[in-house]
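Working notes for the structure below.
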Amino acid sequence: MATLVTGAAGFIGYHVAQKLLERGDEVIGLDNVNPYYDPALKEARVARLERFPGFRLHRINLEDRAAVEALFAEHRFPRVIHLAAQAGVRYSVTNPHAYIDSNITGFLHVLEGCRHNGCEHLTYASTSSVYGCNTEMPFTVHKGVDHPVSLYGATKKANELMAHSYSHLYRLPTTGLRFFTVYGPWGRPDMALFLFTRAILQGRPIDVFNNGQMQRDFTYVDDIVEGVVRISDRTAAPDPDWNGDAPDPATSSAPYRLYNIGNSAPVELMDMIGALEDALGQKAVKNYLPMQMGDVPATFADVDDLARDAGFHPATPIRDGIGRFVDWYFEYFGDPRSR
């Protein structure tokens with residue numbers, strides 16, 4: 001039986017699908033390959049996955065209820081790893097409807113597909129953006145996240161609530177994974193590392209928000225993937241100690257779980273830029289700017305639950321991860337300085 005990976009042409013979805021295929025699993029991918037960023041990069045990821053005989057891609061919009069229903073009815077997936085979404089904090093400030101269509105309506109269609117077709121475990125992507133105004137560090141899944149500062153974060157919090165309702169009503173096992181600033185080869189061109197690399201190589205200034213006074217729990221994509229696959233293999237179960245008088249947001253009397261996946265080692269933005277400059281062998285011209293709408297000054301993941309339940313703790317050092325990203329970037333795009 002195949003595992004469904006939604007967002008298979010995306011950054012994390014591509015890596016997760018490849019990991020499953022490499023261990024011999026059959027994978028059905030779902031992606032609409034939209035132009036939020038260059039579709040050529042998405043098509044290149046798909047081409048690499050199609051080298052595996054156990055992979056097939058269905059080009060479907062999550063908002064297309066009939067198409068999603070037909071896919072689930074045809075395959076009756078025992079496991080679903082839902083990674084498709086409209087991503088990006090800043091884009092959500094000016095394009096809110098895209099987030100409701102994909103992240104709310106689309107997620108409902110995935111939940112319904114799982115509910116009606118015998119899915120044994122739904123694992124889905126959430127985000128560190130749900131922590132919003134929370135400032136107590138490290139961020140823990142065991143405290144409430146009721147003050148998002150971006151619509152993107154709000155839609156992902158809504159996903160967690162929607163998943164819980166389906167776990168409670170229909171006993172559908174669901175696990176949400178809050179990702180922290182994922183980076184690495186085949187990454188998204190709208191994220192800081194990719195934007196900085198391209199600008200530095202072209203001799204253009206990089207925009208450094210909050211005047212560089214930011215920390216991020218940068219997490220290498222291979223660590224994210226390891227966490228996703230291990231948690232997907234571990235079906236969510238009810239917590240026998242859960243108590244409605246003092247409800248734990250991360251567990252439930254229903255088969256429901258939440259985990260952080262982060263490096264648990266926040267890095268100063270200026271240190272990240274310094275590591276990138278060293279990997280490229282070129283200094284950046286920096287354009288210091290105030291904080292962007294929807295942003296937060298710091299993120300820091302408590303991953304004790306992940307380590308306990310999955311036996312895994314992300315740990316790739318930032319300089320190692322950036323070095324691997326730069327190696328991939330030059331392999332894929334070439335070095336413009338040598339032309």
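Going through the structure tokens in order, the chains are called A, B, and so on, while each chain numbers its residues from 1 and the ligands are numbered from 1 in the order shown.
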
Would you write out, as JSON lines, a table of all residues in segment 166-241 of chain A that have an atom no more than 7 Å from an atom of segment 267-285 of chain A, listing for each the closest atom pair and the distance in Å to one decimal, considering only C-alpha atoms and ordering rows by chain and rising residue number?
```
{"residue": "A:Ile200", "atom": "CA", "partner": "A:Ala284", "partner_atom": "CA", "distance": 5.4}
{"residue": "A:Arg204", "atom": "CA", "partner": "A:Val285", "partner_atom": "CA", "distance": 6.8}
{"residue": "A:Pro205", "atom": "CA", "partner": "A:Val285", "partner_atom": "CA", "distance": 4.5}
{"residue": "A:Ile206", "atom": "CA", "partner": "A:Val285", "partner_atom": "CA", "distance": 6.2}
{"residue": "A:Gly212", "atom": "CA", "partner": "A:Leu269", "partner_atom": "CA", "distance": 5.9}
{"residue": "A:Met214", "atom": "CA", "partner": "A:Leu269", "partner_atom": "CA", "distance": 5.5}
{"residue": "A:Gln215", "atom": "CA", "partner": "A:Glu268", "partner_atom": "CA", "distance": 4.5}
{"residue": "A:Arg216", "atom": "CA", "partner": "A:Val267", "partner_atom": "CA", "distance": 5.5}
{"residue": "A:Asp217", "atom": "CA", "partner": "A:Val267", "partner_atom": "CA", "distance": 6.2}
{"residue": "A:Phe218", "atom": "CA", "partner": "A:Val267", "partner_atom": "CA", "distance": 6.9}
```

Kindly export the residues of the current selection with all heavy atoms, as a PDB file, in the first residue's frame.
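Result saved to again_26.pdb:
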```
ATOM      1  N   ILE A 200      24.239  37.760  -2.811  1.00  0.00           N
ATOM      2  CA  ILE A 200      25.678  37.908  -2.587  1.00  0.00           C
ATOM      3  C   ILE A 200      26.450  37.568  -3.853  1.00  0.00           C
ATOM      4  O   ILE A 200      27.372  38.298  -4.254  1.00  0.00           O
ATOM      5  CB  ILE A 200      26.128  37.017  -1.407  1.00  0.00           C
ATOM      6  CG1 ILE A 200      25.548  37.542  -0.089  1.00  0.00           C
ATOM      7  CG2 ILE A 200      27.661  36.960  -1.329  1.00  0.00           C
ATOM      8  CD1 ILE A 200      25.732  36.596   1.089  1.00  0.00           C
ATOM      9  N   ARG A 204      24.540  42.051  -5.089  1.00  0.00           N
ATOM     10  CA  ARG A 204      23.443  42.903  -4.645  1.00  0.00           C
ATOM     11  C   ARG A 204      23.368  42.904  -3.113  1.00  0.00           C
ATOM     12  O   ARG A 204      23.759  41.924  -2.465  1.00  0.00           O
ATOM     13  CB  ARG A 204      22.114  42.418  -5.217  1.00  0.00           C
ATOM     14  CG  ARG A 204      22.005  42.535  -6.728  1.00  0.00           C
ATOM     15  CD  ARG A 204      20.616  42.134  -7.212  1.00  0.00           C
ATOM     16  NE  ARG A 204      20.366  40.700  -7.097  1.00  0.00           N
ATOM     17  CZ  ARG A 204      19.585  40.140  -6.190  1.00  0.00           C
ATOM     18  NH1 ARG A 204      18.968  40.897  -5.274  1.00  0.00           N
ATOM     19  NH2 ARG A 204      19.404  38.825  -6.168  1.00  0.00           N
ATOM     20  N   PRO A 205      22.837  43.962  -2.503  1.00  0.00           N
ATOM     21  CA  PRO A 205      22.678  43.981  -1.041  1.00  0.00           C
ATOM     22  C   PRO A 205      21.670  42.940  -0.581  1.00  0.00           C
ATOM     23  O   PRO A 205      20.749  42.574  -1.319  1.00  0.00           O
ATOM     24  CB  PRO A 205      22.175  45.400  -0.749  1.00  0.00           C
ATOM     25  CG  PRO A 205      22.461  46.193  -1.976  1.00  0.00           C
ATOM     26  CD  PRO A 205      22.415  45.232  -3.129  1.00  0.00           C
ATOM     27  N   ILE A 206      21.846  42.454   0.636  1.00  0.00           N
ATOM     28  CA  ILE A 206      20.858  41.581   1.258  1.00  0.00           C
ATOM     29  C   ILE A 206      20.079  42.397   2.286  1.00  0.00           C
ATOM     30  O   ILE A 206      20.632  43.276   2.952  1.00  0.00           O
ATOM     31  CB  ILE A 206      21.495  40.342   1.917  1.00  0.00           C
ATOM     32  CG1 ILE A 206      22.427  40.747   3.068  1.00  0.00           C
ATOM     33  CG2 ILE A 206      22.245  39.512   0.881  1.00  0.00           C
ATOM     34  CD1 ILE A 206      22.951  39.568   3.875  1.00  0.00           C
ATOM     35  N   GLY A 212      19.301  43.002  12.134  1.00  0.00           N
ATOM     36  CA  GLY A 212      20.116  41.837  12.446  1.00  0.00           C
ATOM     37  C   GLY A 212      19.886  41.266  13.825  1.00  0.00           C
ATOM     38  O   GLY A 212      20.478  40.238  14.171  1.00  0.00           O
ATOM     39  N   MET A 214      18.044  39.222  15.400  1.00  0.00           N
ATOM     40  CA  MET A 214      17.100  38.107  15.315  1.00  0.00           C
ATOM     41  C   MET A 214      17.832  36.796  15.561  1.00  0.00           C
ATOM     42  O   MET A 214      19.024  36.675  15.263  1.00  0.00           O
ATOM     43  CB  MET A 214      16.428  38.069  13.932  1.00  0.00           C
ATOM     44  CG  MET A 214      15.638  39.330  13.597  1.00  0.00           C
ATOM     45  SD  MET A 214      14.936  39.278  11.934  1.00  0.00           S
ATOM     46  CE  MET A 214      13.585  38.132  12.179  1.00  0.00           C
ATOM     47  N   GLN A 215      17.109  35.833  16.096  1.00  0.00           N
ATOM     48  CA  GLN A 215      17.612  34.473  16.273  1.00  0.00           C
ATOM     49  C   GLN A 215      16.627  33.507  15.631  1.00  0.00           C
ATOM     50  O   GLN A 215      15.414  33.697  15.731  1.00  0.00           O
ATOM     51  CB  GLN A 215      17.748  34.111  17.751  1.00  0.00           C
ATOM     52  CG  GLN A 215      18.854  34.838  18.494  1.00  0.00           C
ATOM     53  CD  GLN A 215      18.956  34.324  19.928  1.00  0.00           C
ATOM     54  OE1 GLN A 215      17.944  33.967  20.545  1.00  0.00           O
ATOM     55  NE2 GLN A 215      20.151  34.287  20.459  1.00  0.00           N
ATOM     56  N   ARG A 216      17.177  32.496  14.995  1.00  0.00           N
ATOM     57  CA  ARG A 216      16.334  31.468  14.407  1.00  0.00           C
ATOM     58  C   ARG A 216      16.902  30.083  14.745  1.00  0.00           C
ATOM     59  O   ARG A 216      18.118  29.886  14.770  1.00  0.00           O
ATOM     60  CB  ARG A 216      16.253  31.618  12.884  1.00  0.00           C
ATOM     61  CG  ARG A 216      15.389  32.776  12.414  1.00  0.00           C
ATOM     62  CD  ARG A 216      13.923  32.538  12.706  1.00  0.00           C
ATOM     63  NE  ARG A 216      13.074  33.638  12.255  1.00  0.00           N
ATOM     64  CZ  ARG A 216      12.741  34.677  13.004  1.00  0.00           C
ATOM     65  NH1 ARG A 216      13.192  34.778  14.244  1.00  0.00           N
ATOM     66  NH2 ARG A 216      11.945  35.617  12.531  1.00  0.00           N
ATOM     67  N   ASP A 217      15.981  29.152  14.988  1.00  0.00           N
ATOM     68  CA  ASP A 217      16.367  27.769  15.254  1.00  0.00           C
ATOM     69  C   ASP A 217      16.482  27.054  13.903  1.00  0.00           C
ATOM     70  O   ASP A 217      15.627  26.244  13.533  1.00  0.00           O
ATOM     71  CB  ASP A 217      15.318  27.108  16.150  1.00  0.00           C
ATOM     72  CG  ASP A 217      15.889  25.945  16.941  1.00  0.00           C
ATOM     73  OD1 ASP A 217      16.985  25.482  16.592  1.00  0.00           O
ATOM     74  OD2 ASP A 217      15.239  25.511  17.904  1.00  0.00           O
ATOM     75  N   PHE A 218      17.530  27.396  13.148  1.00  0.00           N
ATOM     76  CA  PHE A 218      17.724  26.829  11.813  1.00  0.00           C
ATOM     77  C   PHE A 218      17.862  25.309  11.911  1.00  0.00           C
ATOM     78  O   PHE A 218      18.675  24.794  12.685  1.00  0.00           O
ATOM     79  CB  PHE A 218      18.979  27.414  11.164  1.00  0.00           C
ATOM     80  CG  PHE A 218      18.866  28.867  10.816  1.00  0.00           C
ATOM     81  CD1 PHE A 218      19.451  29.847  11.620  1.00  0.00           C
ATOM     82  CD2 PHE A 218      18.173  29.272   9.690  1.00  0.00           C
ATOM     83  CE1 PHE A 218      19.347  31.191  11.293  1.00  0.00           C
ATOM     84  CE2 PHE A 218      18.059  30.618   9.356  1.00  0.00           C
ATOM     85  CZ  PHE A 218      18.651  31.575  10.163  1.00  0.00           C
TER      86      PHE A 218
END
```

field: Who sits within 8 Å of Ile60 of chain A, only C-alpha atoms, same chain under 5 positions skipped, as a list in words
entry: Leu30, Asp31, Asn32, Ala67 and Val68 of chain A

Selection from above, C-alpha atoms, as a PDB file, in the first residue's frame, can you write it?
```
ATOM      1  CA  LEU A  30       0.161  15.089  -4.776  1.00  0.00           C
ATOM      2  CA  ASP A  31       1.157  18.574  -5.928  1.00  0.00           C
ATOM      3  CA  ASN A  32      -0.269  21.300  -8.135  1.00  0.00           C
ATOM      4  CA  ALA A  67     -10.261  15.292  -7.315  1.00  0.00           C
ATOM      5  CA  VAL A  68      -8.989  14.770  -3.762  1.00  0.00           C
TER       6      VAL A  68
END
```

- prompt: For Gly144 of chain A, which residue out of A:Asp335, A:Glu74, A:Asp248, A:Asp233 is the nearest one, using only C-alpha atoms?
  reply: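 With only C-alpha atoms as the atom set, the closest residue is A:Asp248.
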
task: Go through A:Asp207, A:Ser264, A:Pro138, A:Pro238 one by one, measure the shortest atom-to-atom distance of each to His168 of chain A using only C-alpha atoms, and give the residue with the smallest value.
output: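 Counting only C-alpha atoms, the residue closest to His168 of chain A is A:Pro238.
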
message: Let me make sure I understand: among A:Thr251, A:Tyr329, A:Arg230, A:Pro290, which one has the smallest atom-to-atom distance to Ala307 of chain A if we use only C-alpha atoms?
response: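 Of A:Thr251, A:Tyr329, A:Arg230, A:Pro290, the one nearest Ala307 of chain A is A:Arg230, counting only C-alpha atoms.
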
task: Would you list the contacts of segment 176-190 of chain A as a PyMOL selection string, taking every protein, DNA or RNA residue within 6 Å and counting only C-alpha atoms, but skipping same-chain residues closer than 2 positions in sequence?
output: chain A and resi 11+123-128+194+217-221+258-262+325+328

Same residues, N, CA, C and O atoms, output as a PDB file, in the first residue's frame:
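The new file selection-v5.pdb reads:
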```
ATOM      1  N   PHE A  11       9.813  21.594  -1.215  1.00  0.00           N
ATOM      2  CA  PHE A  11      11.122  21.413  -0.588  1.00  0.00           C
ATOM      3  C   PHE A  11      11.129  20.219   0.370  1.00  0.00           C
ATOM      4  O   PHE A  11      11.843  19.225   0.160  1.00  0.00           O
ATOM      5  N   THR A 123      -0.037  12.328   9.363  1.00  0.00           N
ATOM      6  CA  THR A 123       1.018  13.203   9.878  1.00  0.00           C
ATOM      7  C   THR A 123       1.000  14.463   9.026  1.00  0.00           C
ATOM      8  O   THR A 123       0.971  14.374   7.800  1.00  0.00           O
ATOM      9  N   TYR A 124       1.015  15.622   9.659  1.00  0.00           N
ATOM     10  CA  TYR A 124       0.872  16.860   8.885  1.00  0.00           C
ATOM     11  C   TYR A 124       1.842  17.920   9.399  1.00  0.00           C
ATOM     12  O   TYR A 124       2.254  17.917  10.566  1.00  0.00           O
ATOM     13  N   ALA A 125       2.196  18.839   8.516  1.00  0.00           N
ATOM     14  CA  ALA A 125       3.130  19.912   8.847  1.00  0.00           C
ATOM     15  C   ALA A 125       2.405  21.054   9.522  1.00  0.00           C
ATOM     16  O   ALA A 125       1.433  21.593   9.002  1.00  0.00           O
ATOM     17  N   SER A 126       2.907  21.432  10.683  1.00  0.00           N
ATOM     18  CA  SER A 126       2.563  22.703  11.291  1.00  0.00           C
ATOM     19  C   SER A 126       3.827  23.562  11.221  1.00  0.00           C
ATOM     20  O   SER A 126       4.695  23.328  10.375  1.00  0.00           O
ATOM     21  N   THR A 127       3.962  24.542  12.085  1.00  0.00           N
ATOM     22  CA  THR A 127       5.070  25.489  11.953  1.00  0.00           C
ATOM     23  C   THR A 127       5.372  26.168  13.281  1.00  0.00           C
ATOM     24  O   THR A 127       4.477  26.323  14.131  1.00  0.00           O
ATOM     25  N   SER A 128       6.608  26.609  13.434  1.00  0.00           N
ATOM     26  CA  SER A 128       6.972  27.401  14.608  1.00  0.00           C
ATOM     27  C   SER A 128       6.237  28.733  14.625  1.00  0.00           C
ATOM     28  O   SER A 128       6.154  29.388  15.675  1.00  0.00           O
ATOM     29  N   PHE A 194      18.460  31.136   0.678  1.00  0.00           N
ATOM     30  CA  PHE A 194      18.448  31.135  -0.786  1.00  0.00           C
ATOM     31  C   PHE A 194      18.550  32.574  -1.310  1.00  0.00           C
ATOM     32  O   PHE A 194      19.358  32.868  -2.202  1.00  0.00           O
ATOM     33  N   ASP A 217      15.981  29.152  14.988  1.00  0.00           N
ATOM     34  CA  ASP A 217      16.367  27.769  15.254  1.00  0.00           C
ATOM     35  C   ASP A 217      16.482  27.054  13.903  1.00  0.00           C
ATOM     36  O   ASP A 217      15.627  26.244  13.533  1.00  0.00           O
ATOM     37  N   PHE A 218      17.530  27.396  13.148  1.00  0.00           N
ATOM     38  CA  PHE A 218      17.724  26.829  11.813  1.00  0.00           C
ATOM     39  C   PHE A 218      17.862  25.309  11.911  1.00  0.00           C
ATOM     40  O   PHE A 218      18.675  24.794  12.685  1.00  0.00           O
ATOM     41  N   THR A 219      17.067  24.590  11.088  1.00  0.00           N
ATOM     42  CA  THR A 219      17.020  23.130  11.164  1.00  0.00           C
ATOM     43  C   THR A 219      17.276  22.544   9.786  1.00  0.00           C
ATOM     44  O   THR A 219      16.533  22.836   8.828  1.00  0.00           O
ATOM     45  N   TYR A 220      18.307  21.732   9.681  1.00  0.00           N
ATOM     46  CA  TYR A 220      18.704  21.171   8.394  1.00  0.00           C
ATOM     47  C   TYR A 220      17.651  20.181   7.906  1.00  0.00           C
ATOM     48  O   TYR A 220      17.085  19.418   8.690  1.00  0.00           O
ATOM     49  N   VAL A 221      17.414  20.188   6.611  1.00  0.00           N
ATOM     50  CA  VAL A 221      16.281  19.441   6.061  1.00  0.00           C
ATOM     51  C   VAL A 221      16.382  17.940   6.343  1.00  0.00           C
ATOM     52  O   VAL A 221      15.362  17.281   6.578  1.00  0.00           O
ATOM     53  N   LEU A 258       1.245  16.415  19.131  1.00  0.00           N
ATOM     54  CA  LEU A 258       1.991  17.517  18.539  1.00  0.00           C
ATOM     55  C   LEU A 258       3.458  17.403  18.954  1.00  0.00           C
ATOM     56  O   LEU A 258       3.749  17.061  20.115  1.00  0.00           O
ATOM     57  N   TYR A 259       4.352  17.704  18.008  1.00  0.00           N
ATOM     58  CA  TYR A 259       5.785  17.720  18.304  1.00  0.00           C
ATOM     59  C   TYR A 259       6.433  18.922  17.632  1.00  0.00           C
ATOM     60  O   TYR A 259       6.029  19.335  16.535  1.00  0.00           O
ATOM     61  N   ASN A 260       7.462  19.471  18.281  1.00  0.00           N
ATOM     62  CA  ASN A 260       8.388  20.378  17.622  1.00  0.00           C
ATOM     63  C   ASN A 260       9.464  19.572  16.912  1.00  0.00           C
ATOM     64  O   ASN A 260       9.921  18.543  17.437  1.00  0.00           O
ATOM     65  N   ILE A 261       9.887  20.031  15.729  1.00  0.00           N
ATOM     66  CA  ILE A 261      11.111  19.525  15.112  1.00  0.00           C
ATOM     67  C   ILE A 261      11.991  20.726  14.813  1.00  0.00           C
ATOM     68  O   ILE A 261      11.737  21.494  13.878  1.00  0.00           O
ATOM     69  N   GLY A 262      13.006  20.907  15.640  1.00  0.00           N
ATOM     70  CA  GLY A 262      13.940  22.010  15.484  1.00  0.00           C
ATOM     71  C   GLY A 262      15.303  21.611  16.002  1.00  0.00           C
ATOM     72  O   GLY A 262      15.451  20.630  16.739  1.00  0.00           O
ATOM     73  N   PHE A 325      24.321  23.222   1.515  1.00  0.00           N
ATOM     74  CA  PHE A 325      23.421  23.995   0.660  1.00  0.00           C
ATOM     75  C   PHE A 325      24.205  24.697  -0.453  1.00  0.00           C
ATOM     76  O   PHE A 325      23.787  24.677  -1.621  1.00  0.00           O
ATOM     77  N   TRP A 328      25.246  22.335  -3.158  1.00  0.00           N
ATOM     78  CA  TRP A 328      24.122  22.028  -4.049  1.00  0.00           C
ATOM     79  C   TRP A 328      23.825  23.208  -4.960  1.00  0.00           C
ATOM     80  O   TRP A 328      23.584  23.011  -6.159  1.00  0.00           O
TER      81      TRP A 328
END
```

query: Hey, which of A:Val110, A:Pro247, A:His97, A:Gly10 ends up closest to Lys143 of chain A? Count only C-alpha atoms.
result: A:Pro247

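Counting only C-alpha atoms and comparing A:Val149, A:Ala236, A:Leu57, A:Leu49, the residue that lies closest to His121 of chain A is A:Ala236.
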